[in-house]
Every structure is written in structure tokens, then in C-alpha cells.
Protein chains: 2
Amino acid sequence: MRRQGDGKSGYPESGENRRATLKDVALAVGVHVSTVSRALNPETRHLITPQIVGKIAEASKQLGYQPNTAAYSLRTNRTRTVGVVVPDITNSIFPPMIRGVEDALTPLGYSTLVVNTDGQPEREAAILDTLFARGIDGLVIASVERENGAIRTLASRGTAIITVNRRMDDPAIASVTNDEAEGVRHMLNHLVALGHRNIATIAGNQNLSTGQRRYEAFLRNAVDMGLDVGPLRVGFASTFNEADGERCMEELMARGGDFTAILCANDRLAIGAIMALKRRGMSCPANISVTGFNDMAMVDRIDPPLTTVRIQQYRVGYAAAELLLERMTKRSELHRPQHLVLPVELVVRGSTAPPAQNSGIIALNNSLKSGARRQKISAGKA
Amino acid sequence: MRRQGDGKSGYPESGENRRATLKDVALAVGVHVSTVSRALNPETRHLITPQIVGKIAEASKQLGYQPNTAAYSLRTNRTRTVGVVVPDITNSIFPPMIRGVEDALTPLGYSTLVVNTDGQPEREAAILDTLFARGIDGLVIASVERENGAIRTLASRGTAIITVNRRMDDPAIASVTNDEAEGVRHMLNHLVALGHRNIATIAGNQNLSTGQRRYEAFLRNAVDMGLDVGPLRVGFASTFNEADGERCMEELMARGGDFTAILCANDRLAIGAIMALKRRGMSCPANISVTGFNDMAMVDRIDPPLTTVRIQQYRVGYAAAELLLERMTKRSELHRPQHLVLPVELVVRGSTAPPAQNSGIIALNNSLKSGARRQKISAGKA
DNA sequence: GCTTTAAATGCAATCGATTGCGTGAAAGTC
DNA sequence: GACTTTCACGCAATCGATTGCATTTAAAGC
């Protein structure tokens with residue numbers, strides 16, 4: 001009455017292109033909407049005579065029927081939407097993960113809502129709120145810190161949650177991460193094999209599992225290998241970015257700790273470290289070898305190409321989505337602690353080299369002070 | 001009866017944590033749901049006595065009421081969701097745009113659904129379908145080709161659509177793009193100022209406005225400046241990526257066209273071109289200057305740092321979202337053709353230099369053939 | 001041939017919000 | 001003081017799909 005012209009045929013008017021509903025299909029076939037609903041749902045299709053199913057399928061295709069998501073959600077309380085929370089989509093390690101999640105979920109009719117926290121816990125809280133207002137079915141979180149009460153309560157209340165790349169200390173929160181320990185071990189092996197014995201590190205934020213685990217692995221393996229790691233050889237970054245890498249490198253150099261190589265907790269810190277070196281007139285790898293972690297896009301093209309640990313960014317996302325799917329569909333899976341750790345791979349490029357005789361921070365600081373700057377360095381280069 | 005225990009208080013049971021609904025708030029305050037609905041909506045709030053509005057506001061906060069998105073959408077046929085269609089989120093020029101869109105939209109209660117087409121038109125069609133099945137309010141498209149019937153019909157049927165970064169030939173489809181012509185003009189000026197007279201180009205896909213407009217601007221300005229651009233100096237890429245840049249550069253070199261600089265339609269093509277040069281034992285910028293377009297993340301850190309045209313990726317996205325908002329809210333805006341062109345900026349870095357006497361493809365090819373390879377090149381470098 | 005059982009389909013309530021219309025009370029008019 | 005107007009709120013339909021239950025029809029059993 002409100003819209004259907006005189007509605008003689010029961011078909012939607014040709015003039016207005018309203019989307020077809022179950023009702024339209026039902027009218028076209030001459031059955032009840034509930035029959036159409038069941039015929040169109042693979043789970044309940046067996047309840048309907050195959051012949052009618054055929055007619056319904058045809059009519060629905062004919063009319064271009066597409067189920068109304070809002071109505072479905074309202075009735076079933078499921079949205080077929082998952083939230084993906086990242087610190088910043090602009091940070092190029094996240095897009096491949098997001099892509100992995102999407103590629104795993106899209107074919108199954110799920111959509112993903114990507115949101116950015118900018119690493120601010122308050123923002124994160126607000127964002128989780130809006131995601132829940134939207135009524136998501138599950139959550140993939142790449143931005144999580146080692147401890148987060150909000151997420152723990154969400155999980156215990158029955159929300160399907162999985163963390164990617166990072167994990168929480170609480171083992172109850174499922175995760176898909178990379179083998180940080182192995183990555184660090186490979187890298188240290190590589191540096192030692194090149195001849196380095198004095199190795200420093202720029203550790204990441206210790207509130208993040210990546211930061212903490214990589215640092216811990218560094219300490220453990222360095223000791224195992226008989227390397228000497230004094231406090232003069234450790235810098236702590238608060239953020240995983242170039243600026244902080246630069247700052248840490250400056251500090252390490254200023255403190256005068258002697259080392260010929262530096263293992264950075266991720267690629268961006270490494271890039272910052274290299275910048276700091278360059279600004280001091282030093283060269284990587286001639287004077288100091290620098291290593292990264294993650295194998296971010298483009299680090300193979302920077303100067304020097306970065307030696308790093310390749311993590312499987314896309315697969316981490318993909319695997320997380322698969323695990324999340326199980327949790328969203330089978331209630332039994334919901335509270336099973338589950339932690340997938342994907343293997344990593346050492347990628348040796350140009351930022352590491354054997355230590356030169358006169359390389360290392362102390363040697364350099366001395367030579368720089370003595371004014372023989374340019375010469376020394378280009379000598380080291382040859 | 002189905003769930004509410006004996007429901008003596010009307011409040012949701014404390015044991016089960018069902019989300020509060022309008023009804024819950026209404027019961028708590030002792031008014032009708034429609035009153036609560038009006039009180040909570042700023043548009044209709046004036047219809048309700050301020051005192052009652054106060055009570056309702058308090059109760060709804062108390063109960064942690066959050067409107068059910070599905071119910072709202074079902075009733076109003078609006079989802080407060082916009083689709084963002086990009087070729088590939090993994091391509092680092094898109095995340096800043098997406099971020100711009102999100103930052104403009106999120107504060108207003110909109111969510112964004114990001115999808116990837118991988119540059120495949122069939123995939124794009126399927127993706128648009130699923131977006132529409134979701135019932136989005138508007139569409140931001142970064143993946144659009146110059147002609148696309150599906151999008152034109154969508155737009156004419158009243159969907160709010162805006163293209164970013166690229167635009168369609170049809171002026172009816174609103175867009176936010178960058179000033180391609182100015183960018184190319186600045187770049188040619190820069191090269192000419194350095195002393196280059198023989199300038200080649202690797203043009204982008206001519207089905208994309210970026211490819212077409214940049215190429216057109218190249219031709220027009222080159223002619224204006226009295227430069228000679230024969231067919232030997234033009235390569236066409238079909239895809240904006242490194243591999244195609246490499247291929248085009250190879251072809252240009254093989255064809256033997258003489259030039260000392262090459263203007264590439266975007267950064268990725270430029271990176272490919274530089275790789276091709278390196279593989280041939282040539283150097284950028286000593287032998288050939290190479291320029292890009294976009295100022296993608298990290299191109300300032302590659303070797304050599306890329307001279308390019310900076311587009312305002314984030315602002316393009318932000319502006320597009322703002323325009324889209326108008327179109328989604330005011331029906332009058334819906335069919336107004338609207339094209340915003342943002343200014344660009346030349347960024348001179350290390351990949352451009354004055355031409356050396358013996359630089360250029362022909363000179364190099366000759367010297368290479370004569371076997372004096374290493375020497376010539378390092379001479380050119382000094 | 002009549003009852004029992006199963007299979008296929010229809011009926012109607014429901015999810016939670018919005019909104020046109022109706023109603024009662026208070027305020028204003030003459 | 002009777003009437004109109006305005007204001008504040010309630011009523012109930014509605015959006016489009018799902019689903020427990022009722023009903024009809026057909027098949028099976030004896």
C-alpha cells in the first residue's frame with residue numbers, strides 16, 4: 001500500500017528498482033516465504049522438494065535476489081563480519097596480514113572491518129566498543145600488548161578472538177605468531193659466522209610479545225654462544241619505528257660500548273640505526289653490520305639491502321582467519337587455548353659483512369676524533 | 001518467556017549479559033520505546049521533555065545501551081558503512097588513502113569495508129556485488145578504469161560513488177585526483193634544467209586515467225619545450241609494477257633509442273627501470289636519470305633515492321570521504337558532477353643528475369660492446 | 001480401507017529499532 | 001467557559017529474514 005503501485009502482479013514495479021526480497025521470490029513461485037528461505041539455505045534445503053527448490057533457485061536468480069544482511073543479522077544475531085585491529089594500516093607489515101585474513105574469509109561470505117589504534121590503548125578501547133556496537137562475530141587483533149584486561153574479559157565472555165603477530169602473556173588467548181626465538185638464533189649464528197663477537201642489540205618495546213621474546217632470545221642465545229652482552233650493548237626502543245631506532249643507535253654510540261654488529265628487533269629500527277650511522281659518517285656494513293626483523297616490503301631495495309628475518313606476514317593472517325572461523329562456528333573450540341607458531345627464514349643481504357679490523361664503535365669514535373674522518377671510512381669501504 | 005527468567009524487574013538478568021535494548025531502557029525509565037528512541041536521537045530530541053531526556057540518557061548510560069546496528073539498518077535501509085575498493089591493499093600507495101577515508105568517516109559513526117580487486121575487472125564485479133549485498137551507503141573506488149559500465153549504472157541509479165586517485169572519462173562520476181599534468185610538467189622542467197634534452201618515458205596503462213593523463217602531459221609539455229619524443233622513446237607498461245618497468249626499460253634499451261633520462265609514470269615502474277639499468281651494468285643517475293611519480297613510502301630510502309612527484313595520498317582519501325558524505329546525506333548533491341584536483345609537489349632526490357658527456361643509451365651500448373665495461377661506468381660515476 | 005507415520009509446506013512470532021498517526025492534557029484564544 | 005491549537009508521548013505497523021510449531025498431504029503398515 002505504501003509503495004507498490006496497484007501491485008497487480010505482485011512483482012516489484014519495473015520503474016523503481018527495489019531489491020528483491022524473499023517475499024518477491026515467494027510470490028513469483030507461488031509458495032510461502034519460509035519455503036523460499038529453506039530452499040535457499042543449503043542446511044535446510046533437504047526439507048523441500050527438489051522440484052520446488054529448482055523453481056525457487058531459478059526465480060531467485062531471475063529476480064536477482066540477494067538476502068538482506070540486516071534482516072539476517074537482526075534475526076540470527078550473527079553479522080558475518082570480523083574486526084581486524086591493527087596499530088596502523090600504513091605500516092607496511094600489516095597490509096599483507098590483513099590481506100591474508102580477507103582472502104581466507106571473503107570466500108566464506110565474511111567481511112572484514114579494519115580499524116587502526118595508532119598504538120594508543122585508549123583509542124583501542126573506543127575502537128573495540130564501536131566494533132562491538134556493529135556486532136562483529138570475531139576479532140583478529142594485531143595490536144595487542146602482552147597484557148590487556150579488556151580483551152581477556154571479552155574472550156572469557158565468549159567472543160571469538162585471535163591475536164596475530166603478537167600474543168598475550170595469558171595463554172588462554174589464542175594466537176598465531178612467528179618463531180621469534182628461531183629468527184634471532186639464526187641471525188646471531190649468521191653474525192658469529194661472519195666473525196662478529198661484539199654484538200649489540202636494539203630491543204623493541206618490552207610490553208609487546210615481539211619485543212620481549214626477541215630480546216629474551218637475544219640474551220639467551222648470546223650467552224649460549226659465549227658472547228659478551230653488557231648493558232652498554234643494549235638499547236630499548238619504546239616504539240618500533242625509524243625515529244626510535246635512530247635515537248637508540250645514537251645513545252649506544254654515545255655510551256661508547258664497543259661493538260661491530262647490531263641486531264635490531266625489527267626492520268624499522270634497523271633503518272633508523274643505519275640512518276644514525278650514516279649521519280655520523282659511518283657506513284653499514286663496512287663499519288657496523290646492522291640486521292632487522294620482519295622482512296618488510298622494500299627493505300631489499302634500500303641502501304644497503306637489509307639482512308633480516310623473513311616472517312610469513314600473509315600466512316600469519318590467513319592462518320589466524322582459519323582458526324577464528326573454527327572458533328566462530330564451533331562453540332567447542334571457543335575456549336581452547338591455541339597457539340600457532342609459523343617458521344621464519346633468515347635472509348642475508350647487504351647490511352651484514354665480516355667485521356673489518358678497524359671497525360666497531362670505539363675504533364671509529366677514535367678515528368673520527370683524530371680528524372682522519374673521510375679517509376678512514378673510505379678505506380674501510382674498500 | 002523465552003529467556004527472561006521470571007522477569008520481575010524488567011531488567012535483564014545479571015547472569016546472562018544480553019545487550020540492553022531500547023525496551024530495556026524504556027522499562028527502566030517507565031516510558032515507551034518510541035520515546036526513548038526519540039530522546040536518544042539528536043534530530044528528534046526536541047520532541048521530548050528535557051527532564052525525561054535526562055532520565056533516559058542516564059538510564060541508557062547506566063545499562064550500557066548501544067543501538068543494534070542491524071535493526072537500525074533494516075528499518076532505515078542505511079548501514080553507515082562505505083565500501084573502499086582498491087586494487088591491492090598491499091601496494092603501499094593505498095594504505096594512506098584508506099587511512100584518510102577512515103579518519104574522515106569513523107568519527108561520524110561510519111565504518112569502512114576495504115576490498116581488493118587485484119586489478120581484475122571480473123573480480124571487481126563480484127566484489128561490488130557482495131558490497132551491495134551488504135548494503136553499503138557509499139563507495140570509494142581507487143581501482144577504477146577510465147570506462148566502467150557497472151559503475152556508471154550504479155551511479156545513475158543513485159548510489160553515492162566517488163573515485164580516488166583515478167577518475168573515469170565520464171564526467172558525471174565524481175572524483176578526487178592529483179594534478180598529474182602539473183606533476184609531469186614540474187618533472188620535465190627539472191630534467192631540462194639539469195641539462196637533459198633527450199628524455200624517454202615509460203607510460204602507464206592507458207586504460208587508467210593516471211596512465212593516460214601523465215602520458216598526455218608528457219607529450220604536450222615535451223613538445224612545448226621543444227624536446228624530441230619519437231616512438232623509440234616511449235614504452236607502455238600494462239601494469240604499474242616493477243616487473244613491467246623492468247621489461248619496458250629493457251625494450252627501450254634494446255630498441256636503441258638514445259636518451260639520458262627517463263620519466264616513469266609511477267614509482268614502481270621507476271624502480272623496475274633502475275633494476276634493469278643495474279642489471280645491464282649501468283648506473284642511475286650517472287648514466288641515466290630516472291624519475292617516478294607518487295612518492296610512495298620508502299622510495300626516499302632506496303638506492304638511489306628516487307626523484308619523484310609527491311601526491312597527497314592521505315588527503316586524497318580524506319577529501320574523497322568528505323565529498324562522499326555530502327552525497328550520502330544530501331540527495332541534492334547526488335548527481336552533481338564534482339572533481340577535486342589536489343596539488344602535487346616535485347621532490348628532487350638522488351635518481352636525477354645532469355647528463356654526463358658519455359652517458360645515454362647509445363653511448364653506453366657502444367662502450368659496452370667494445371668491452372670497456374667496468375671502466376667506462378665507474379668513470380661515469382666519478 | 002483405515003490408522004499411523006513421515007515428509008513437505010504454511011503460519012506466525014520474533015529480532016530491535018524507526019516513524020506516521022492518534023490521543024490526552026495543557027495552554028492559548030475570544 | 002467552550003473551543004482551538006500546541007505539545008509530549010504512546011500505539012502499532014514496518015523493515016526482511018529465520019524457525020518452532022501446526023497443518024496438510026502422501027506413503028506405509030496391517
# chains A, B, ... in the order shown; residues from 1 in each chain; ligands from 1
>>> residues_around(residues="C:DA12", least_positions_apart="3", cutoff="12 Å", atoms="only C-alpha atoms (C1' of nucleotides)", output="PDB file with C-alpha atoms (C1' of nucleotides), in the first residue's frame")
ATOM      1  CA  VAL A  33       8.451 -17.161   2.195  1.00  0.00           C
ATOM      2  CA  SER A  34       9.508 -19.757   4.711  1.00  0.00           C
TER       3      SER A  34
ATOM      4  C1'  DT D  18      14.594 -17.246  10.416  1.00  0.00           C
ATOM      5  C1'  DT D  19      12.413 -21.006  12.790  1.00  0.00           C
ATOM      6  C1'  DG D  20       9.369 -23.723  16.194  1.00  0.00           C
ATOM      7  C1'  DC D  21       5.185 -25.495  15.623  1.00  0.00           C
ATOM      8  C1'  DA D  22       0.880 -26.651  13.200  1.00  0.00           C
TER       9       DA D  22
END
>>> residues_around(residues="D:DC7", least_positions_apart="4", cutoff="10 Å", atoms="only C-alpha atoms (C1' of nucleotides)", output="number ranges by chain")
B: 47-49; C: 25-27
>>> write_last_selection(atoms="N, CA, C and O atoms (P, O5', C5', C4', C3', O3' and C1' of nucleotides)", output="tab-separated table (two decimals), in the first residue's frame")
chain	number	residue	atom	x	y	z
B	47	LEU	N	11.52	16.82	20.64
B	47	LEU	CA	10.12	16.41	20.79
B	47	LEU	C	9.82	15.94	22.20
B	47	LEU	O	8.67	15.76	22.57
B	48	ILE	N	10.86	15.70	22.94
B	48	ILE	CA	10.68	15.12	24.28
B	48	ILE	C	11.05	16.13	25.35
B	48	ILE	O	11.95	16.94	25.19
B	49	THR	N	10.31	16.07	26.47
B	49	THR	CA	10.59	16.96	27.60
B	49	THR	C	12.03	16.76	28.09
B	49	THR	O	12.45	15.63	28.32
C	25	DA	P	-6.32	13.30	30.07
C	25	DA	O5'	-5.30	14.52	30.20
C	25	DA	C5'	-3.89	14.25	30.32
C	25	DA	C4'	-3.13	15.53	30.09
C	25	DA	C3'	-3.70	16.73	30.85
C	25	DA	O3'	-2.62	17.46	31.42
C	25	DA	C1'	-3.54	17.24	28.56
C	26	DA	P	-2.89	18.51	32.59
C	26	DA	O5'	-2.17	19.80	31.99
C	26	DA	C5'	-0.86	19.66	31.43
C	26	DA	C4'	-0.62	20.79	30.46
C	26	DA	C3'	-0.99	22.17	31.01
C	26	DA	O3'	0.11	23.05	30.80
C	26	DA	C1'	-2.02	21.82	28.91
C	27	DA	P	0.15	24.53	31.38
C	27	DA	O5'	-0.06	25.40	30.06
C	27	DA	C5'	0.71	25.10	28.90
C	27	DA	C4'	0.17	25.91	27.74
C	27	DA	C3'	-0.18	27.35	28.09
C	27	DA	O3'	0.44	28.22	27.15
C	27	DA	C1'	-2.00	26.30	27.01
>>> interface_residues(of="chain B", to="chain C", cutoff="10 Å", atoms="only C-alpha atoms (C1' of nucleotides)", output="PyMOL selection string")
chain B and resi 21-23+33-34+37-38+67-76
>>> interface_residues(of="chain B", to="chain A", cutoff="8 Å", atoms="only C-alpha atoms", output="NGL selection string")
:B and (66-71 or 73-74 or 89-90 or 92 or 95-96 or 99 or 111-114 or 133-135 or 298 or 301-304)
>>> write_last_selection(atoms="N, CA, C and O atoms", output="compact mmCIF listing (two decimals), in the first residue's frame")
# COMPACT_ATOMS: atom_id res chain seq x y z
N GLN B 66 23.60 0.25 23.63
CA GLN B 66 24.17 0.58 22.33
C GLN B 66 23.18 0.12 21.28
O GLN B 66 22.73 -1.02 21.30
N PRO B 67 22.84 1.02 20.37
CA PRO B 67 21.81 0.66 19.39
C PRO B 67 22.24 -0.54 18.56
O PRO B 67 23.41 -0.73 18.28
N ASN B 68 21.29 -1.34 18.21
CA ASN B 68 21.53 -2.51 17.39
C ASN B 68 21.60 -2.07 15.93
O ASN B 68 20.62 -1.62 15.34
N THR B 69 22.79 -2.24 15.37
CA THR B 69 23.02 -1.76 14.01
C THR B 69 22.12 -2.46 13.00
O THR B 69 21.64 -1.84 12.04
N ALA B 70 21.93 -3.74 13.20
CA ALA B 70 21.14 -4.50 12.24
C ALA B 70 19.70 -3.98 12.21
O ALA B 70 19.12 -3.76 11.14
N ALA B 71 19.14 -3.76 13.39
CA ALA B 71 17.77 -3.27 13.46
C ALA B 71 17.65 -1.89 12.81
O ALA B 71 16.73 -1.62 12.04
N SER B 73 19.54 -0.65 10.51
CA SER B 73 19.70 -0.77 9.06
C SER B 73 18.45 -1.33 8.41
O SER B 73 18.02 -0.87 7.36
N LEU B 74 17.88 -2.32 9.06
CA LEU B 74 16.70 -2.95 8.49
C LEU B 74 15.58 -1.93 8.34
O LEU B 74 14.92 -1.84 7.32
N ILE B 89 45.58 -3.80 -1.30
CA ILE B 89 45.95 -3.08 -0.09
C ILE B 89 47.43 -3.20 0.20
O ILE B 89 48.01 -2.41 0.94
N THR B 90 48.05 -4.18 -0.40
CA THR B 90 49.46 -4.47 -0.20
C THR B 90 50.36 -3.48 -0.95
O THR B 90 51.54 -3.34 -0.66
N SER B 92 51.74 -0.10 -1.43
CA SER B 92 51.82 0.85 -0.33
C SER B 92 51.31 2.25 -0.66
O SER B 92 51.32 3.11 0.20
N PRO B 95 47.32 2.21 1.35
CA PRO B 95 47.01 2.36 2.78
C PRO B 95 46.85 3.80 3.25
O PRO B 95 45.89 4.08 3.99
N PRO B 96 47.69 4.74 2.83
CA PRO B 96 47.45 6.10 3.29
C PRO B 96 46.10 6.65 2.82
O PRO B 96 45.42 7.37 3.57
N ARG B 99 43.46 5.08 4.93
CA ARG B 99 43.52 5.70 6.24
C ARG B 99 42.84 7.06 6.23
O ARG B 99 42.13 7.43 7.17
N SER B 111 31.60 3.01 9.22
CA SER B 111 32.67 2.03 9.13
C SER B 111 33.02 1.84 7.66
O SER B 111 32.20 2.09 6.79
N THR B 112 34.22 1.37 7.42
CA THR B 112 34.63 1.16 6.04
C THR B 112 34.97 -0.30 5.81
O THR B 112 35.61 -0.94 6.63
N LEU B 113 34.52 -0.78 4.68
CA LEU B 113 34.77 -2.16 4.27
C LEU B 113 35.76 -2.10 3.12
O LEU B 113 35.43 -1.64 2.03
N VAL B 114 36.98 -2.54 3.36
CA VAL B 114 38.01 -2.46 2.33
C VAL B 114 38.07 -3.77 1.55
O VAL B 114 38.10 -4.84 2.14
N ALA B 133 25.32 -6.39 -1.58
CA ALA B 133 24.55 -7.30 -0.76
C ALA B 133 24.63 -6.85 0.69
O ALA B 133 23.67 -6.94 1.44
N ARG B 134 25.76 -6.33 1.08
CA ARG B 134 25.93 -5.81 2.44
C ARG B 134 25.15 -4.52 2.64
O ARG B 134 24.99 -4.06 3.75
N GLY B 135 24.78 -3.91 1.52
CA GLY B 135 24.01 -2.68 1.65
C GLY B 135 24.80 -1.48 2.09
O GLY B 135 24.45 -0.81 3.05
N MET B 298 59.04 4.81 1.39
CA MET B 298 60.35 4.17 1.27
C MET B 298 61.15 4.52 0.02
O MET B 298 62.33 4.20 -0.06
N ARG B 301 64.41 5.99 0.53
CA ARG B 301 65.47 5.20 1.16
C ARG B 301 66.09 4.19 0.22
O ARG B 301 67.00 3.47 0.60
N ILE B 302 65.56 4.08 -0.97
CA ILE B 302 66.12 3.08 -1.88
C ILE B 302 67.40 3.64 -2.50
O ILE B 302 67.78 4.79 -2.25
N ASP B 303 68.05 2.82 -3.28
CA ASP B 303 69.32 3.22 -3.88
C ASP B 303 69.18 3.29 -5.39
O ASP B 303 68.99 2.27 -6.02
N PRO B 304 69.27 4.45 -6.02
CA PRO B 304 69.38 5.77 -5.42
C PRO B 304 68.01 6.27 -4.95
O PRO B 304 67.00 5.84 -5.48
>>> atom_distance(atom1="atom CA of A:Leu325", atom2="atom CA of A:Thr44")
21.2 Å
>>> residues_around(residues="B:Phe236", least_positions_apart="2", cutoff="12 Å", atoms="only C-alpha atoms (C1' of nucleotides)", output="JSON, numbers by chain")
{"B": [200, 201, 202, 203, 204, 205, 206, 207, 211, 212, 214, 215, 231, 232, 233, 234, 238, 239, 240, 241, 244, 245, 246, 247, 248, 249, 250, 251, 252, 263, 264, 265, 269]}
>>> write_last_selection(atoms="N, CA, C and O atoms", output="tab-separated table (two decimals), in the first residue's frame")
chain	number	residue	atom	x	y	z
B	200	ALA	N	63.18	10.03	-22.43
B	200	ALA	CA	62.23	8.97	-22.78
B	200	ALA	C	61.16	8.87	-21.69
B	200	ALA	O	61.25	9.56	-20.67
B	201	THR	N	60.18	8.03	-21.90
B	201	THR	CA	59.17	7.83	-20.86
B	201	THR	C	58.70	6.38	-20.85
B	201	THR	O	58.67	5.71	-21.88
B	202	ILE	N	58.38	5.93	-19.67
B	202	ILE	CA	57.65	4.67	-19.54
B	202	ILE	C	56.26	5.06	-19.09
B	202	ILE	O	56.06	5.49	-17.94
B	203	ALA	N	55.32	4.95	-20.00
B	203	ALA	CA	53.94	5.36	-19.71
B	203	ALA	C	53.21	4.22	-19.02
B	203	ALA	O	53.56	3.06	-19.16
B	204	GLY	N	52.20	4.59	-18.26
B	204	GLY	CA	51.40	3.58	-17.57
B	204	GLY	C	50.28	3.06	-18.46
B	204	GLY	O	50.15	3.46	-19.62
B	205	ASN	N	49.50	2.19	-17.91
B	205	ASN	CA	48.35	1.63	-18.62
B	205	ASN	C	47.42	2.76	-19.07
B	205	ASN	O	46.97	3.56	-18.27
B	206	GLN	N	47.14	2.78	-20.36
B	206	GLN	CA	46.34	3.88	-20.90
B	206	GLN	C	44.84	3.74	-20.63
B	206	GLN	O	44.06	4.63	-20.95
B	207	ASN	N	44.46	2.62	-20.03
B	207	ASN	CA	43.07	2.49	-19.62
B	207	ASN	C	42.82	3.13	-18.26
B	207	ASN	O	41.69	3.17	-17.78
B	211	GLY	N	47.59	6.77	-15.96
B	211	GLY	CA	48.48	6.44	-17.07
B	211	GLY	C	48.26	7.37	-18.25
B	211	GLY	O	49.21	7.94	-18.80
B	212	GLN	N	47.02	7.54	-18.60
B	212	GLN	CA	46.71	8.33	-19.78
B	212	GLN	C	47.08	9.80	-19.59
B	212	GLN	O	47.72	10.41	-20.44
B	214	ARG	N	49.13	11.25	-17.45
B	214	ARG	CA	50.55	11.53	-17.29
B	214	ARG	C	51.27	11.45	-18.64
B	214	ARG	O	52.15	12.24	-18.94
B	215	TYR	N	50.86	10.49	-19.42
B	215	TYR	CA	51.48	10.34	-20.74
B	215	TYR	C	51.14	11.53	-21.63
B	215	TYR	O	52.01	12.12	-22.28
B	231	PRO	N	58.89	7.62	-31.28
B	231	PRO	CA	58.35	6.36	-30.74
B	231	PRO	C	59.43	5.51	-30.08
B	231	PRO	O	59.13	4.66	-29.25
B	232	LEU	N	60.68	5.74	-30.43
B	232	LEU	CA	61.75	4.98	-29.81
B	232	LEU	C	61.94	5.36	-28.35
B	232	LEU	O	62.67	4.72	-27.62
B	233	ARG	N	61.30	6.43	-27.97
B	233	ARG	CA	61.49	6.91	-26.60
B	233	ARG	C	60.26	6.72	-25.73
B	233	ARG	O	60.15	7.33	-24.67
B	234	VAL	N	59.34	5.91	-26.18
B	234	VAL	CA	58.14	5.67	-25.39
B	234	VAL	C	57.91	4.18	-25.18
B	234	VAL	O	57.89	3.42	-26.15
B	238	SER	N	51.75	-2.24	-19.02
B	238	SER	CA	50.35	-2.63	-18.89
B	238	SER	C	49.94	-2.63	-17.43
B	238	SER	O	48.78	-2.46	-17.09
B	239	THR	N	50.91	-2.83	-16.57
B	239	THR	CA	50.64	-2.81	-15.13
B	239	THR	C	51.63	-1.87	-14.46
B	239	THR	O	52.78	-1.78	-14.88
B	240	PHE	N	51.17	-1.21	-13.43
B	240	PHE	CA	52.04	-0.29	-12.70
B	240	PHE	C	52.92	-1.04	-11.71
B	240	PHE	O	52.80	-0.83	-10.50
B	241	ASN	N	53.79	-1.92	-12.18
B	241	ASN	CA	54.64	-2.59	-11.20
B	241	ASN	C	56.09	-2.69	-11.65
B	241	ASN	O	56.44	-2.31	-12.77
B	244	ASP	N	57.03	-4.76	-14.87
B	244	ASP	CA	56.73	-4.13	-16.14
B	244	ASP	C	57.67	-2.96	-16.41
B	244	ASP	O	58.01	-2.68	-17.56
B	245	GLY	N	58.07	-2.30	-15.36
B	245	GLY	CA	59.04	-1.22	-15.53
B	245	GLY	C	60.35	-1.77	-16.07
B	245	GLY	O	60.98	-1.19	-16.97
B	246	GLU	N	60.70	-2.90	-15.54
B	246	GLU	CA	61.94	-3.55	-15.96
B	246	GLU	C	61.84	-3.95	-17.44
B	246	GLU	O	62.74	-3.69	-18.24
B	247	ARG	N	60.72	-4.56	-17.77
B	247	ARG	CA	60.51	-5.00	-19.14
B	247	ARG	C	60.57	-3.82	-20.10
B	247	ARG	O	61.26	-3.87	-21.13
B	248	CYS	N	59.87	-2.76	-19.78
B	248	CYS	CA	59.84	-1.60	-20.67
B	248	CYS	C	61.24	-1.01	-20.83
B	248	CYS	O	61.63	-0.61	-21.94
B	249	MET	N	61.97	-0.97	-19.75
B	249	MET	CA	63.31	-0.40	-19.82
B	249	MET	C	64.20	-1.26	-20.72
B	249	MET	O	64.94	-0.74	-21.55
B	250	GLU	N	64.08	-2.54	-20.56
B	250	GLU	CA	64.83	-3.47	-21.41
B	250	GLU	C	64.51	-3.19	-22.88
B	250	GLU	O	65.40	-3.06	-23.72
B	251	GLU	N	63.24	-3.09	-23.17
B	251	GLU	CA	62.81	-2.87	-24.54
B	251	GLU	C	63.35	-1.57	-25.09
B	251	GLU	O	63.85	-1.50	-26.22
B	252	LEU	N	63.25	-0.51	-24.28
B	252	LEU	CA	63.75	0.78	-24.74
B	252	LEU	C	65.24	0.71	-25.03
B	252	LEU	O	65.72	1.27	-26.03
B	263	LEU	N	61.39	9.37	-17.79
B	263	LEU	CA	60.32	9.76	-16.87
B	263	LEU	C	59.34	8.59	-16.78
B	263	LEU	O	58.72	8.21	-17.78
B	264	CYS	N	59.20	8.03	-15.61
B	264	CYS	CA	58.32	6.88	-15.45
B	264	CYS	C	56.99	7.32	-14.85
B	264	CYS	O	56.94	8.22	-14.00
B	265	ALA	N	55.93	6.64	-15.27
B	265	ALA	CA	54.59	7.07	-14.88
B	265	ALA	C	54.29	6.82	-13.41
B	265	ALA	O	53.33	7.39	-12.88
B	269	LEU	N	57.31	1.59	-11.51
B	269	LEU	CA	57.92	1.46	-12.83
B	269	LEU	C	59.36	1.97	-12.78
B	269	LEU	O	60.27	1.38	-13.36
>>> interface_residues(of="chain D", to="chain A", cutoff="12 Å", atoms="only C-alpha atoms (C1' of nucleotides)", output="NGL selection string")
:D and (13-19)
>>> select_by_dssp(residues="stretch 19-196 of chain B", states="strand (DSSP E)", output="ChimeraX atom specification")
/B:81-86,111-116,138-141,160-164,175-178
>>> write_last_selection(atoms="C-alpha atoms", output="short mmCIF file (atom, residue, chain, number, x, y, z; two decimals), in the first residue's frame")
data_model
loop_
_atom_site.label_atom_id
_atom_site.label_comp_id
_atom_site.auth_asym_id
_atom_site.auth_seq_id
_atom_site.Cartn_x
_atom_site.Cartn_y
_atom_site.Cartn_z
CA THR B 81 29.04 1.61 6.04
CA VAL B 82 31.03 2.59 2.99
CA GLY B 83 32.96 0.34 0.71
CA VAL B 84 36.52 1.16 -0.25
CA VAL B 85 37.67 -0.65 -3.35
CA VAL B 86 41.40 -0.77 -4.04
CA SER B 111 32.67 2.03 9.13
CA THR B 112 34.63 1.16 6.04
CA LEU B 113 34.77 -2.16 4.27
CA VAL B 114 38.01 -2.46 2.33
CA VAL B 115 38.15 -4.90 -0.57
CA ASN B 116 40.80 -5.82 -3.14
CA GLY B 138 28.50 4.78 -0.46
CA LEU B 139 31.52 3.72 -2.41
CA VAL B 140 35.06 4.97 -2.69
CA ILE B 141 36.83 3.43 -5.65
CA ALA B 160 26.87 7.68 -3.81
CA ILE B 161 30.15 6.99 -5.56
CA ILE B 162 33.44 8.76 -5.71
CA THR B 163 36.66 7.69 -7.33
CA VAL B 164 40.03 8.47 -5.76
CA SER B 175 36.43 12.14 -8.28
CA VAL B 176 39.33 13.32 -6.20
CA THR B 177 42.61 13.10 -8.04
CA ASN B 178 46.05 14.59 -8.19
#
>>> closest_residue(among="B:Arg280, B:Arg315, B:His196, B:Arg167", to="B:Ile262", atoms="only C-alpha atoms")
B:His196
>>> select_by_dssp(residues="stretch 80-233 of chain B", states="alpha helix (DSSP H)", output="PyMOL selection string")
chain B and resi 94-105+121-134+149-156+180-194+209-224
>>> atom_distance(atom1="atom CA of B:Ala174", atom2="atom CA of A:Ala20")
28.4 Å
>>> atom_distance(atom1="atom CA of B:Leu334", atom2="atom CA of B:Gln313")
24.4 Å
